[in-house]
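What follows is structure_36.cif (mmCIF, C-alpha atoms and all ligand atoms).
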```cif
data_run
#
loop_
_atom_site.label_atom_id
_atom_site.label_comp_id
_atom_site.auth_asym_id
_atom_site.auth_seq_id
_atom_site.Cartn_x
_atom_site.Cartn_y
_atom_site.Cartn_z
CA MET Q 980 121.76 91.04 85.28
CA THR Q 981 124.41 91.28 87.92
CA GLY Q 982 126.91 88.70 89.14
CA LYS Q 983 128.86 86.08 87.25
CA PRO Q 984 127.24 83.92 84.58
CA GLY Q 985 125.63 80.89 86.13
CA ARG Q 986 125.10 82.56 89.48
CA THR Q 987 122.10 84.46 90.71
CA ALA Q 988 122.46 87.78 92.47
CA ARG Q 989 121.91 85.74 95.64
CA GLY Q 990 124.95 83.65 94.85
CA GLY Q 991 123.21 80.27 94.34
CA ALA Q 992 123.49 78.09 91.23
CA GLN Q 993 120.83 78.97 88.68
CA THR Q 994 120.37 75.74 86.82
CA SER Q 995 116.96 74.09 87.40
CA ALA Q 996 114.14 74.01 84.86
CA GLY Q 997 112.46 76.64 87.03
CA ASP Q 998 115.54 78.87 86.78
CA LEU Q 999 115.54 78.57 82.98
CA LEU Q 1000 111.85 79.46 82.88
CA ASP Q 1001 112.55 82.45 85.11
CA LEU Q 1002 115.35 83.66 82.81
CA VAL Q 1003 113.05 83.42 79.78
CA ARG Q 1004 110.05 85.02 81.50
CA SER Q 1005 112.09 87.95 82.78
CA GLY Q 1006 113.65 88.47 79.34
CA ARG Q 1007 117.18 88.01 80.71
CA ALA Q 1008 117.89 85.06 78.40
CA VAL Q 1009 115.55 84.14 75.54
CA THR Q 1010 117.64 81.80 73.36
CA ARG Q 1011 119.22 78.42 74.08
CA GLY Q 1012 122.65 79.99 73.61
CA ALA Q 1013 121.92 82.78 76.08
CA LEU Q 1014 120.61 80.23 78.60
CA GLN Q 1015 123.82 78.18 78.25
CA GLN Q 1016 125.92 81.27 78.71
CA MET Q 1017 123.93 82.48 81.70
CA THR Q 1018 123.78 79.13 83.53
CA GLY Q 1019 127.03 77.45 82.48
CA LEU Q 1020 124.99 74.32 81.62
CA SER Q 1021 125.81 72.22 78.55
CA ARG Q 1022 123.74 72.45 75.41
CA ALA Q 1023 122.32 68.96 76.08
CA THR Q 1024 121.28 69.78 79.67
CA VAL Q 1025 119.63 73.04 78.66
CA GLY Q 1026 117.82 71.06 75.92
CA GLN Q 1027 116.54 68.44 78.41
CA ARG Q 1028 115.24 71.06 80.83
CA LEU Q 1029 113.60 73.07 78.07
CA ASP Q 1030 111.93 69.93 76.71
CA ARG Q 1031 110.14 69.48 80.04
CA LEU Q 1032 108.92 73.08 79.90
CA PHE Q 1033 107.75 72.57 76.29
CA ARG Q 1034 105.93 69.33 77.24
CA ALA Q 1035 104.17 71.16 80.08
CA GLY Q 1036 103.05 73.77 77.56
CA TRP Q 1037 104.77 76.52 79.53
CA LEU Q 1038 107.26 77.58 76.86
CA ARG Q 1039 106.98 78.08 73.13
CA GLU Q 1040 109.11 79.35 70.30
CA GLY Q 1041 108.75 83.08 69.81
CA ALA Q 1042 106.81 84.49 66.90
CA GLY Q 1043 109.47 87.12 66.20
CA GLY Q 1044 111.78 84.80 64.22
CA PRO Q 1045 115.48 84.05 64.81
CA VAL Q 1046 117.83 86.55 66.47
CA ASP Q 1047 121.63 86.72 66.63
CA SER Q 1048 123.00 84.16 69.07
CA PRO Q 1049 125.38 85.34 71.82
CA LEU Q 1050 127.49 82.23 71.05
CA GLY Q 1051 127.86 83.29 67.41
CA GLY Q 1052 126.99 81.08 64.44
CA ARG Q 1053 123.49 80.70 63.09
CA PRO Q 1054 120.71 83.04 64.23
CA ALA Q 1055 118.87 81.51 67.18
CA ILE Q 1056 115.18 80.80 67.76
CA THR Q 1057 113.78 82.87 70.60
CA LEU Q 1058 111.82 81.31 73.45
CA GLU Q 1059 108.87 82.80 75.29
CA PHE Q 1060 106.50 81.99 78.13
CA ASP Q 1061 103.29 80.49 76.73
CA GLY Q 1062 100.60 82.39 78.62
CA SER Q 1063 97.76 80.45 77.01
CA HIS Q 1064 98.16 77.13 78.83
CA ALA Q 1065 96.13 78.17 81.89
CA VAL Q 1066 94.05 81.01 83.33
CA VAL Q 1067 93.89 82.79 86.68
CA LEU Q 1068 90.89 83.86 88.74
CA ALA Q 1069 91.17 87.08 90.72
CA ALA Q 1070 88.91 88.98 93.09
CA ASP Q 1071 89.16 92.31 94.84
CA LEU Q 1072 86.99 92.68 97.89
CA ASP Q 1073 86.05 96.09 99.21
CA THR Q 1074 83.89 96.64 102.27
CA ARG Q 1075 80.56 96.78 100.37
CA HIS Q 1076 81.52 95.92 96.83
CA ALA Q 1077 83.61 93.36 94.99
CA ARG Q 1078 85.08 92.71 91.56
CA ALA Q 1079 86.17 89.43 90.04
CA ALA Q 1080 87.90 88.57 86.80
CA LEU Q 1081 89.30 85.77 84.71
CA LEU Q 1082 92.77 86.64 83.44
CA THR Q 1083 95.39 85.18 81.16
CA LEU Q 1084 98.77 84.34 82.67
CA THR Q 1085 100.14 87.51 81.10
CA GLY Q 1086 97.58 89.68 82.87
CA GLU Q 1087 94.95 90.29 80.22
CA ILE Q 1088 91.40 90.40 81.63
CA LEU Q 1089 89.18 88.01 79.66
CA ALA Q 1090 85.94 88.54 81.59
CA GLU Q 1091 84.92 90.57 84.59
CA ARG Q 1092 82.13 90.86 87.11
CA SER Q 1093 81.33 93.31 89.89
CA GLY Q 1094 78.54 93.98 92.32
CA ALA Q 1095 77.47 94.37 95.91
CA LEU Q 1096 79.09 91.95 98.38
CA VAL Q 1097 79.17 93.14 101.97
CA VAL Q 1098 82.21 92.14 104.02
CA GLU Q 1099 80.17 92.52 107.21
CA ASP Q 1100 77.94 89.63 106.08
CA GLY Q 1101 80.86 87.38 107.01
CA PRO Q 1102 83.25 85.10 105.15
CA GLU Q 1103 80.78 82.25 104.43
CA VAL Q 1104 78.38 84.42 102.47
CA VAL Q 1105 81.01 86.57 100.77
CA LEU Q 1106 83.32 83.74 99.67
CA ASP Q 1107 80.36 81.72 98.41
CA GLY Q 1108 79.29 84.75 96.36
CA LEU Q 1109 82.78 85.13 94.88
CA ALA Q 1110 82.96 81.43 94.02
CA ARG Q 1111 79.64 81.72 92.18
CA TRP Q 1112 81.02 84.64 90.16
CA PHE Q 1113 84.14 82.62 89.37
CA ALA Q 1114 82.03 79.75 88.05
CA GLU Q 1115 80.03 82.17 85.91
CA LEU Q 1116 83.19 83.75 84.48
CA LEU Q 1117 84.43 80.31 83.44
CA THR Q 1118 81.13 79.43 81.79
CA GLU Q 1119 80.99 82.77 80.03
CA THR Q 1120 84.46 82.35 78.50
CA GLY Q 1121 84.18 78.62 77.82
CA HIS Q 1122 87.00 77.59 80.16
CA SER Q 1123 86.87 74.45 82.27
CA PRO Q 1124 87.66 74.64 86.01
CA ALA Q 1125 90.72 72.49 85.27
CA ALA Q 1126 92.21 75.34 83.23
CA VAL Q 1127 92.52 77.49 86.37
CA CYS Q 1128 96.05 77.32 87.82
CA GLY Q 1129 95.42 79.61 90.78
CA THR Q 1130 93.21 82.18 92.46
CA GLY Q 1131 94.20 85.53 93.95
CA LEU Q 1132 92.06 87.48 96.42
CA GLY Q 1133 92.55 90.98 97.79
CA VAL Q 1134 90.84 91.91 101.08
CA PRO Q 1135 90.53 95.22 102.97
CA GLY Q 1136 92.57 94.18 106.00
CA PRO Q 1137 96.00 92.96 107.12
CA VAL Q 1138 96.81 89.46 105.86
CA ASP Q 1139 99.30 86.82 106.95
CA SER Q 1140 100.38 85.81 103.46
CA GLU Q 1141 101.78 82.48 104.73
CA THR Q 1142 98.37 81.27 105.90
CA GLY Q 1143 96.16 83.54 103.80
CA ARG Q 1144 94.22 84.55 106.92
CA VAL Q 1145 93.37 88.09 107.95
CA ILE Q 1146 94.75 89.17 111.32
CA GLN Q 1147 92.76 91.43 113.63
CA PRO Q 1148 91.18 93.38 110.78
CA PRO Q 1149 89.67 96.71 111.90
CA MET Q 1150 86.92 96.60 109.24
CA MET Q 1151 86.20 92.89 108.69
CA SER Q 1152 84.39 91.64 111.76
CA GLY Q 1153 83.91 87.87 111.71
CA TRP Q 1154 86.95 87.31 109.48
CA ASP Q 1155 89.78 87.28 112.06
CA GLY Q 1156 91.77 84.08 111.56
CA TYR Q 1157 89.15 82.56 109.25
CA ASP Q 1158 90.34 79.91 106.76
CA ILE Q 1159 89.71 81.93 103.59
CA ARG Q 1160 91.71 79.61 101.32
CA GLY Q 1161 89.92 76.46 102.43
CA ARG Q 1162 86.45 77.98 102.23
CA LEU Q 1163 87.00 79.59 98.82
CA SER Q 1164 88.40 76.33 97.41
CA ARG Q 1165 85.42 74.34 98.67
CA ALA Q 1166 82.91 76.91 97.43
CA PHE Q 1167 84.61 77.00 94.03
CA ALA Q 1168 84.46 73.19 93.78
CA GLU Q 1169 80.77 73.23 94.75
CA HIS Q 1170 79.84 75.88 92.20
CA THR Q 1171 81.82 74.41 89.34
CA SER Q 1172 80.63 70.82 89.79
CA ALA Q 1173 77.02 71.72 90.60
CA GLY Q 1174 76.03 72.29 86.97
CA THR Q 1175 77.50 69.07 85.65
CA GLY Q 1176 76.97 66.80 88.65
CA ILE Q 1177 80.49 65.55 88.00
CA ASP Q 1178 83.16 65.51 90.67
CA THR Q 1179 86.23 66.32 88.60
CA GLY Q 1180 88.44 64.83 91.30
CA THR Q 1181 91.14 67.39 90.60
CA SER Q 1182 93.20 68.77 93.47
CA PRO Q 1183 92.09 72.12 94.86
CA VAL Q 1184 93.21 75.26 93.04
CA PRO Q 1185 95.82 77.17 95.07
CA VAL Q 1186 94.41 80.35 96.62
CA PHE Q 1187 96.59 83.38 97.46
CA VAL Q 1188 95.20 86.06 99.75
CA ASP Q 1189 96.72 89.49 100.24
CA ASN Q 1190 95.82 92.98 101.37
CA ASP Q 1191 93.93 95.02 98.74
CA ALA Q 1192 96.34 97.98 98.72
CA ASN Q 1193 99.27 95.55 98.37
CA LEU Q 1194 97.73 93.96 95.29
CA MET Q 1195 96.90 97.33 93.75
CA ALA Q 1196 100.47 98.49 94.34
CA TYR Q 1197 101.81 95.30 92.79
CA GLY Q 1198 99.50 95.61 89.75
CA GLU Q 1199 100.42 99.24 89.11
CA GLN Q 1200 104.15 98.73 89.68
CA ARG Q 1201 104.29 95.65 87.45
CA THR Q 1202 102.40 97.14 84.54
CA GLY Q 1203 103.64 100.73 84.47
CA TYR Q 1204 106.64 101.28 86.75
CA GLN Q 1205 108.79 98.16 86.58
CA ASP Q 1206 111.95 100.21 86.81
CA CYS Q 1207 110.84 101.94 89.99
CA ARG Q 1208 112.75 100.30 92.86
CA ALA Q 1209 110.67 101.81 95.65
CA PHE Q 1210 106.98 102.22 94.85
CA VAL Q 1211 104.20 103.23 97.26
CA LEU Q 1212 100.46 103.17 96.56
CA VAL Q 1213 97.97 104.63 99.01
CA LYS Q 1214 94.37 103.52 98.67
CA VAL Q 1215 91.86 105.99 100.10
CA SER Q 1216 88.35 104.57 100.05
CA THR Q 1217 86.28 103.45 103.02
CA GLY Q 1218 89.59 103.01 104.83
CA ILE Q 1219 93.16 104.09 104.14
CA GLY Q 1220 95.91 101.59 103.41
CA ALA Q 1221 99.21 101.51 101.57
CA GLY Q 1222 101.07 98.90 99.51
CA VAL Q 1223 104.84 99.04 99.20
CA VAL Q 1224 106.85 97.38 96.41
CA VAL Q 1225 110.62 97.35 96.96
CA ASP Q 1226 112.97 95.94 94.31
CA GLY Q 1227 110.02 94.38 92.51
CA ALA Q 1228 108.66 92.50 95.55
CA LEU Q 1229 105.85 93.37 97.93
CA TYR Q 1230 107.05 94.48 101.34
CA ARG Q 1231 104.57 93.16 103.92
CA GLY Q 1232 106.44 93.41 107.21
CA VAL Q 1233 106.82 90.52 109.67
CA ASP Q 1234 103.08 90.18 110.38
CA GLY Q 1235 101.55 91.45 107.15
CA GLY Q 1236 100.79 94.72 108.90
CA ALA Q 1237 103.02 97.05 106.85
CA GLY Q 1238 101.18 99.94 105.24
CA ASP Q 1239 98.11 100.02 107.50
CA LEU Q 1240 98.18 103.83 107.62
CA GLY Q 1241 94.50 104.38 108.37
CA HIS Q 1242 94.85 103.87 112.10
CA ILE Q 1243 97.80 106.14 112.74
CA ARG Q 1244 96.68 108.66 115.39
CA VAL Q 1245 96.57 112.19 114.07
CA GLY Q 1246 95.32 113.89 117.21
CA THR Q 1247 91.64 114.49 116.62
CA ASP Q 1248 88.69 113.35 118.72
CA ALA Q 1249 86.86 111.66 115.83
CA LEU Q 1250 85.70 108.10 116.49
CA CYS Q 1251 87.08 105.54 114.02
CA ARG Q 1252 85.38 102.36 112.82
CA CYS Q 1253 88.14 100.43 114.60
CA GLY Q 1254 86.80 101.70 117.93
CA SER Q 1255 89.65 104.11 118.68
CA TYR Q 1256 89.62 107.89 118.54
CA GLY Q 1257 91.79 110.13 116.40
CA CYS Q 1258 92.72 107.71 113.57
CA LEU Q 1259 93.65 109.13 110.16
CA ALA Q 1260 90.80 107.12 108.58
CA ALA Q 1261 88.30 108.78 110.94
CA VAL Q 1262 89.04 112.19 109.39
CA ALA Q 1263 90.48 111.61 105.91
CA SER Q 1264 88.93 108.47 104.36
CA GLY Q 1265 86.09 108.33 101.83
CA GLY Q 1266 83.77 107.40 104.68
CA ALA Q 1267 84.88 110.41 106.75
CA VAL Q 1268 84.36 112.80 103.82
CA ALA Q 1269 80.92 111.27 103.19
CA ARG Q 1270 79.98 111.96 106.80
CA ARG Q 1271 81.18 115.57 106.63
CA LEU Q 1272 79.21 116.11 103.40
CA THR Q 1273 76.06 114.67 104.94
CA GLU Q 1274 76.45 117.00 107.93
CA ALA Q 1275 76.76 119.90 105.48
CA GLY Q 1276 73.47 118.90 103.83
CA VAL Q 1277 74.90 116.96 100.87
CA PRO Q 1278 73.78 113.36 101.38
CA ALA Q 1279 76.60 110.81 100.87
CA ALA Q 1280 76.59 107.35 102.42
CA SER Q 1281 80.02 106.05 101.42
CA GLY Q 1282 83.32 106.69 99.68
CA SER Q 1283 81.81 105.70 96.36
CA ASP Q 1284 79.12 108.41 96.75
CA VAL Q 1285 81.94 110.89 97.33
CA ARG Q 1286 83.63 109.59 94.20
CA ASP Q 1287 80.46 110.30 92.20
CA LEU Q 1288 80.20 113.84 93.66
CA LEU Q 1289 83.86 114.52 92.84
CA ALA Q 1290 83.37 113.26 89.30
CA ALA Q 1291 80.47 115.68 88.93
CA GLY Q 1292 82.70 118.55 90.16
CA HIS Q 1293 80.76 119.18 93.37
CA PRO Q 1294 82.59 122.12 95.07
CA GLU Q 1295 81.92 121.06 98.69
CA ALA Q 1296 83.14 117.52 97.95
CA ALA Q 1297 86.25 118.91 96.26
CA ALA Q 1298 87.05 121.18 99.22
CA LEU Q 1299 86.67 118.31 101.71
CA ALA Q 1300 88.70 115.95 99.53
CA ARG Q 1301 91.51 118.51 99.40
CA GLU Q 1302 91.42 118.86 103.18
CA ALA Q 1303 91.53 115.06 103.51
CA GLY Q 1304 94.49 115.07 101.11
CA ARG Q 1305 96.33 117.49 103.39
CA ARG Q 1306 95.73 115.19 106.40
CA VAL Q 1307 97.03 112.18 104.48
CA GLY Q 1308 99.90 114.20 103.00
CA ASP Q 1309 101.07 115.04 106.51
CA VAL Q 1310 101.38 111.32 107.32
CA LEU Q 1311 102.90 110.59 103.90
CA ALA Q 1312 105.73 113.04 104.61
CA THR Q 1313 106.95 110.49 107.17
CA VAL Q 1314 106.38 107.57 104.79
CA VAL Q 1315 108.36 109.29 102.05
CA THR Q 1316 111.18 110.21 104.43
CA LEU Q 1317 111.43 106.60 105.58
CA LEU Q 1318 111.21 104.89 102.19
CA ASN Q 1319 112.42 107.51 99.67
CA PRO Q 1320 110.12 106.13 96.92
CA GLY Q 1321 110.28 107.07 93.23
CA VAL Q 1322 106.50 106.91 92.84
CA LEU Q 1323 103.79 107.74 95.35
CA MET Q 1324 100.47 106.78 93.81
CA ILE Q 1325 97.05 107.73 95.14
CA ALA Q 1326 94.23 105.27 94.41
CA GLY Q 1327 90.68 104.62 95.61
CA ASP Q 1328 87.48 106.64 95.84
CA LEU Q 1329 89.15 109.96 96.69
CA ALA Q 1330 91.93 109.71 94.07
CA GLY Q 1331 91.61 112.84 91.95
CA THR Q 1332 92.94 116.36 91.55
CA PRO Q 1333 91.58 117.94 94.78
CA PHE Q 1334 92.90 115.17 97.03
CA LEU Q 1335 96.22 115.04 95.17
CA THR Q 1336 96.60 118.81 95.51
CA GLY Q 1337 96.10 118.52 99.27
CA VAL Q 1338 98.65 115.69 99.52
CA ARG Q 1339 101.26 117.69 97.60
CA GLU Q 1340 100.71 120.81 99.72
CA LEU Q 1341 101.63 119.06 102.93
CA LEU Q 1342 104.07 116.55 101.55
CA TYR Q 1343 106.45 119.03 99.97
CA GLN Q 1344 106.15 121.31 102.97
CA ARG Q 1345 106.96 118.62 105.55
CA ALA Q 1346 109.26 116.11 103.86
CA LEU Q 1347 112.97 116.73 103.34
CA PRO Q 1348 113.79 118.02 99.85
CA ARG Q 1349 116.19 115.14 99.36
CA SER Q 1350 113.41 112.54 99.76
CA THR Q 1351 111.08 114.29 97.30
CA ALA Q 1352 113.61 115.41 94.66
CA HIS Q 1353 112.92 112.41 92.40
CA LEU Q 1354 109.43 111.62 93.62
CA ASP Q 1355 106.42 111.47 91.30
CA VAL Q 1356 103.09 111.94 93.08
CA LEU Q 1357 100.35 110.66 90.80
CA THR Q 1358 96.88 109.16 90.68
CA ALA Q 1359 96.36 105.49 89.81
CA ARG Q 1360 96.61 104.35 86.18
CA LEU Q 1361 94.64 101.11 86.25
CA GLY Q 1362 91.68 102.44 88.22
CA GLU Q 1363 89.40 99.80 89.69
CA ARG Q 1364 91.21 97.01 87.89
CA ALA Q 1365 94.54 97.51 89.67
CA GLY Q 1366 93.72 94.99 92.41
CA LEU Q 1367 92.60 92.33 89.93
CA ILE Q 1368 95.67 92.78 87.77
CA GLY Q 1369 97.91 92.72 90.85
CA ALA Q 1370 96.22 89.56 92.15
CA GLY Q 1371 96.68 87.86 88.76
CA ALA Q 1372 100.35 88.86 88.60
CA LEU Q 1373 100.99 87.67 92.14
CA VAL Q 1374 99.44 84.25 91.46
CA VAL Q 1375 101.61 83.80 88.36
CA GLU Q 1376 104.77 84.96 90.15
CA GLN Q 1377 104.14 82.51 92.98
CA LEU Q 1378 103.21 79.52 90.82
CA TYR Q 1379 106.03 79.95 88.30
CA ALA Q 1380 108.72 80.88 90.85
CA PRO Q 1381 111.81 78.66 90.38
CA GLU Q 1382 111.38 76.96 93.75
CA ARG Q 1383 107.83 75.90 92.87
CA VAL Q 1384 108.31 74.79 89.28
CA GLU Q 1385 109.90 71.39 89.97
CA GLU Q 1386 107.01 70.21 92.14
CA ARG Q 1387 104.44 71.42 89.61
CA LEU Q 1388 106.21 69.81 86.64
CA ALA Q 1389 106.41 66.54 88.59
CA ALA Q 1390 102.65 66.75 89.26
CA LEU Q 1391 102.07 67.15 85.52
CA GLY Q 1392 104.20 64.04 84.90
CA VAL Q 1393 106.82 65.81 82.74
ZN ZN H 1401 91.07 103.43 113.54
#
```
Using the file provided, produce a representation of the structure as structure tokens.
Amino acid sequence: MTGKPGRTARGGAQTSAGDLLDLVRSGRAVTRGALQQMTGLSRATVGQRLDRLFRAGWLREGAGGPVDSPLGGRPAITLEFDGSHAVVLAADLDTRHARAALLTLTGEILAERSGALVVEDGPEVVLDGLARWFAELLTETGHSPAAVCGTGLGVPGPVDSETGRVIQPPMMSGWDGYDIRGRLSRAFAEHTSAGTGIDTGTSPVPVFVDNDANLMAYGEQRTGYQDCRAFVLVKVSTGIGAGVVVDGALYRGVDGGAGDLGHIRVGTDALCRCGSYGCLAAVASGGAVARRLTEAGVPAASGSDVRDLLAAGHPEAAALAREAGRRVGDVLATVVTLLNPGVLMIAGDLAGTPFLTGVRELLYQRALPRSTAHLDVLTARLGERAGLIGAGALVVEQLYAPERVEERLAALGV
């Protein structure tokens, strides 16, 4: 914690119920005494604000027993976020495959589903399919639709996070500007009321949409690298995209286009799925490696086929993955020089030793020693669940952000 007590690092007063919740959730103040000290509020005012959070079911007394109070005197009861009062739905959409999960507010996956869903079939079909999975996950775990506080969705394209719409996506034809939030909300309502015939009449569940690599980066950073102030994850599957987390927050750029590395021109004559020639994704993605393998007489239709060949130790696949890694590493030398990250994580179908070796070869050769001195280049920790965990974390961060808490408490009547 920096700054004077009672002030945030941004300089504003830190005194609403939402601010107290934030202090408890982040672990910066977990007793009434610490909250008083941090905010400068009186004991009575802290008590009133905490009572609202208790009535909402958002806070509870910690199981760990009393701790020493910063104000002295009797040991104090600790407070903690009660992650059991609601659940989150999350989905991670790839070009031909999707995963969905029901998570607790603290990021534990309670139930999961995955299968074929083809982005090219268009938003109507795909979002309806996801909503059906969501309804099944609720039934399977015995949760009612009313227990869901929010939904997070990752998509393989650039997203305007304000509107939740994808913008000129190179690999999602039919999705440009489509109202994903509205359609997913309606489909979810249809699928969850269909079985009972009851219109629950509840307001629609908030839907948050973000780029898939962004959500993976957020999930990995939040669960394993919270102290890393500049974190980059590069997803190499059908396409190539990066997510950047700076000071604990996703960096999206002004139009949600930050990190779209796949369509950087690398000076080849290969035709890309976006219609241009010479894109990085046209020579170094899972799809590009699959094509090269097929040409060499090893049939592979997609990045996930390449993943299977790599897992089986196929030498041709390993050689091509390493070459793809060198191509991507060349581009990442610029990324690393610009951002000076502490962690550069490789995720997706090609993430593995051969690709990583290729990345390192070029990266350390091309980037300045200063920008790689404290850099860890690693493969993903959470595997295929990173996007789901990131989506769940993002939904919780948005819904329990101080500026949103007042409105939500008022809606609950507390
Ligand atoms: Zn392209």
Checklist entry - Which residue out of Q:Arg1244, Q:Ala1303, Q:Arg1339, Q:Ser1283 has the minimum interatomic distance to Val1262 (chain Q) when all atoms listed in the file are used? => result Q:Ala1303
Chain Q near ligand ZN 1401 (chain H) within 10 Å: what's each residue's closest atom pair and its distance in Å to one decimal, counting all atoms listed in the file, ordered by chain then ascending residue number, as a Markdown table?
```
| residue | atom | partner | partner_atom | distance |
| --- | --- | --- | --- | --- |
| Q:Pro1149 | CA | H:ZN1401 | ZN | 7.1 |
| Q:Met1150 | CA | H:ZN1401 | ZN | 9.1 |
| Q:Gly1218 | CA | H:ZN1401 | ZN | 8.8 |
| Q:Ile1219 | CA | H:ZN1401 | ZN | 9.7 |
| Q:Asp1239 | CA | H:ZN1401 | ZN | 9.9 |
| Q:Leu1240 | CA | H:ZN1401 | ZN | 9.3 |
| Q:Gly1241 | CA | H:ZN1401 | ZN | 6.3 |
| Q:His1242 | CA | H:ZN1401 | ZN | 4.1 |
| Q:Ile1243 | CA | H:ZN1401 | ZN | 7.3 |
| Q:Arg1244 | CA | H:ZN1401 | ZN | 7.9 |
| Q:Ala1249 | CA | H:ZN1401 | ZN | 9.5 |
| Q:Leu1250 | CA | H:ZN1401 | ZN | 7.7 |
| Q:Cys1251 | CA | H:ZN1401 | ZN | 4.5 |
| Q:Arg1252 | CA | H:ZN1401 | ZN | 5.8 |
| Q:Cys1253 | CA | H:ZN1401 | ZN | 4.3 |
| Q:Gly1254 | CA | H:ZN1401 | ZN | 6.4 |
| Q:Ser1255 | CA | H:ZN1401 | ZN | 5.4 |
| Q:Tyr1256 | CA | H:ZN1401 | ZN | 6.9 |
| Q:Gly1257 | CA | H:ZN1401 | ZN | 7.3 |
| Q:Cys1258 | CA | H:ZN1401 | ZN | 4.6 |
| Q:Leu1259 | CA | H:ZN1401 | ZN | 7.1 |
| Q:Ala1260 | CA | H:ZN1401 | ZN | 6.2 |
| Q:Ala1261 | CA | H:ZN1401 | ZN | 6.6 |
| Q:Val1262 | CA | H:ZN1401 | ZN | 9.9 |
```
Checklist entry - Quick one, how far is CA of Ala1166 (chain Q) from CA of Leu1068 (chain Q)? => result 13.7 Å
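Put simply, CA of Glu1385 (chain Q) is 26.4 Å away from CA of Arg1231 (chain Q).
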Item to check | Long-range neighbours of region 1141-1146 of chain Q as number ranges by chain, 9 Å cut-off, all atoms listed in the file, 4 positions minimum in chain | outcome: Q: 1134, 1136-1137, 1151, 1154-1160, 1186-1190, 1234-1236
Item to check | Residue with smallest distance to Asp1001 (chain Q) - pool Q:Glu1199, Q:Glu1274, Q:Glu1376, Q:Asp1030, counting all atoms listed in the file | outcome: Q:Glu1376
Checklist entry - What is the CA of Thr1085 (chain Q)-CA of Tyr1204 (chain Q) distance in Å, reported with one decimal? => result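 Value for the CA of Thr1085 (chain Q)-CA of Tyr1204 (chain Q) distance: 16.2 Å.
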Checklist outcome for this item: Using all atoms listed in the file, the best pick from Q:Ala1035, Q:Ala1077, Q:Val1009, Q:Leu1229 as closest to Ala1055 (chain Q) would be Q:Val1009
Next on the checklist: Would you pick out the contacts of Gly1238 (chain Q) at 6 Å or less, using all atoms listed in the file, so that residues sharing its chain but fewer than 3 positions from it are not included, and give the list as a ChimeraX atom specification?
Outcome noted: /Q:1220-1222
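The shortest atom-to-atom distance to Val1066 (chain Q), with only C-alpha atoms taken into account, belongs to Q:Gly1371 out of Q:Gly1362, Q:Pro1320, Q:Pro1102, Q:Gly1371.
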Next on the checklist: Using only C-alpha atoms, which protein or nucleic acid residues come within 10 Å of Leu1117 (chain Q)? Drop anything in the same chain fewer than 3 positions from it, and give the result as a list in words.
Outcome noted: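 Answer for this query is Val1066, Leu1068, Ala1080, Leu1081, Leu1089, Ala1090, Trp1112, Phe1113, Ala1114, Thr1120, Gly1121, His1122, Ser1123, Pro1124, Ala1126, Val1127 and Thr1171 of chain Q.
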Item to check | Q:Thr1217, Q:Thr1313, Q:Thr1336, Q:Thr1057 ranked by distance to Gly1282 (chain Q), top pick (using only C-alpha atoms) | outcome: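 Once distances to Gly1282 (chain Q) are computed over only C-alpha atoms, the minimum belongs to Q:Thr1217.
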Item to check | Within 12 Å of Asp1100 (chain Q) using all atoms listed in the file, minus same-chain residues under 4 positions, as a VMD selection string | outcome: chain Q and resid 1074 to 1076 1095 to 1096 1104 to 1108 1150 to 1154
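Restricting the calculation to all atoms listed in the file, the smallest distance between Ile1325 (chain Q) and any of Q:Arg1028, Q:Arg1301, Q:Lys1214, Q:Arg1345 is found for Q:Lys1214.
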Next on the checklist: Just want the 7 Å neighbourhood of region 1013-1015 of chain Q, counted on all atoms listed in the file, with same-chain residues fewer than 4 positions away dropped. Output as a list in words.
Outcome noted: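 In the requested format, the answer is Leu999, Ala1008, Val1009, Gly1019, Leu1020, Ser1021, Arg1022, Val1025 and Pro1049 of chain Q.
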List every protein, DNA or RNA residue that has an atom no more than 8 Å from (88.6, 89.8, 93.1) in the file's coordinate frame, counting all atoms listed in the file, and report them as an mmCIF file with C-alpha atoms, keeping the file's coordinate frame.
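Result written to result-v7.cif:
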```cif
data_model
loop_
_atom_site.group_PDB
_atom_site.id
_atom_site.type_symbol
_atom_site.label_atom_id
_atom_site.label_comp_id
_atom_site.auth_asym_id
_atom_site.auth_seq_id
_atom_site.Cartn_x
_atom_site.Cartn_y
_atom_site.Cartn_z
ATOM 1 C CA LEU Q 1068 90.890 83.860 88.740
ATOM 2 C CA ALA Q 1069 91.170 87.080 90.720
ATOM 3 C CA ALA Q 1070 88.910 88.980 93.090
ATOM 4 C CA ASP Q 1071 89.160 92.310 94.840
ATOM 5 C CA LEU Q 1072 86.990 92.680 97.890
ATOM 6 C CA ALA Q 1077 83.610 93.360 94.990
ATOM 7 C CA ARG Q 1078 85.080 92.710 91.560
ATOM 8 C CA ALA Q 1079 86.170 89.430 90.040
ATOM 9 C CA ALA Q 1080 87.900 88.570 86.800
ATOM 10 C CA LEU Q 1109 82.780 85.130 94.880
ATOM 11 C CA GLY Q 1131 94.200 85.530 93.950
ATOM 12 C CA LEU Q 1132 92.060 87.480 96.420
ATOM 13 C CA GLY Q 1133 92.550 90.980 97.790
ATOM 14 C CA GLY Q 1366 93.720 94.990 92.410
ATOM 15 C CA LEU Q 1367 92.600 92.330 89.930
ATOM 16 C CA ALA Q 1370 96.220 89.560 92.150
#
```
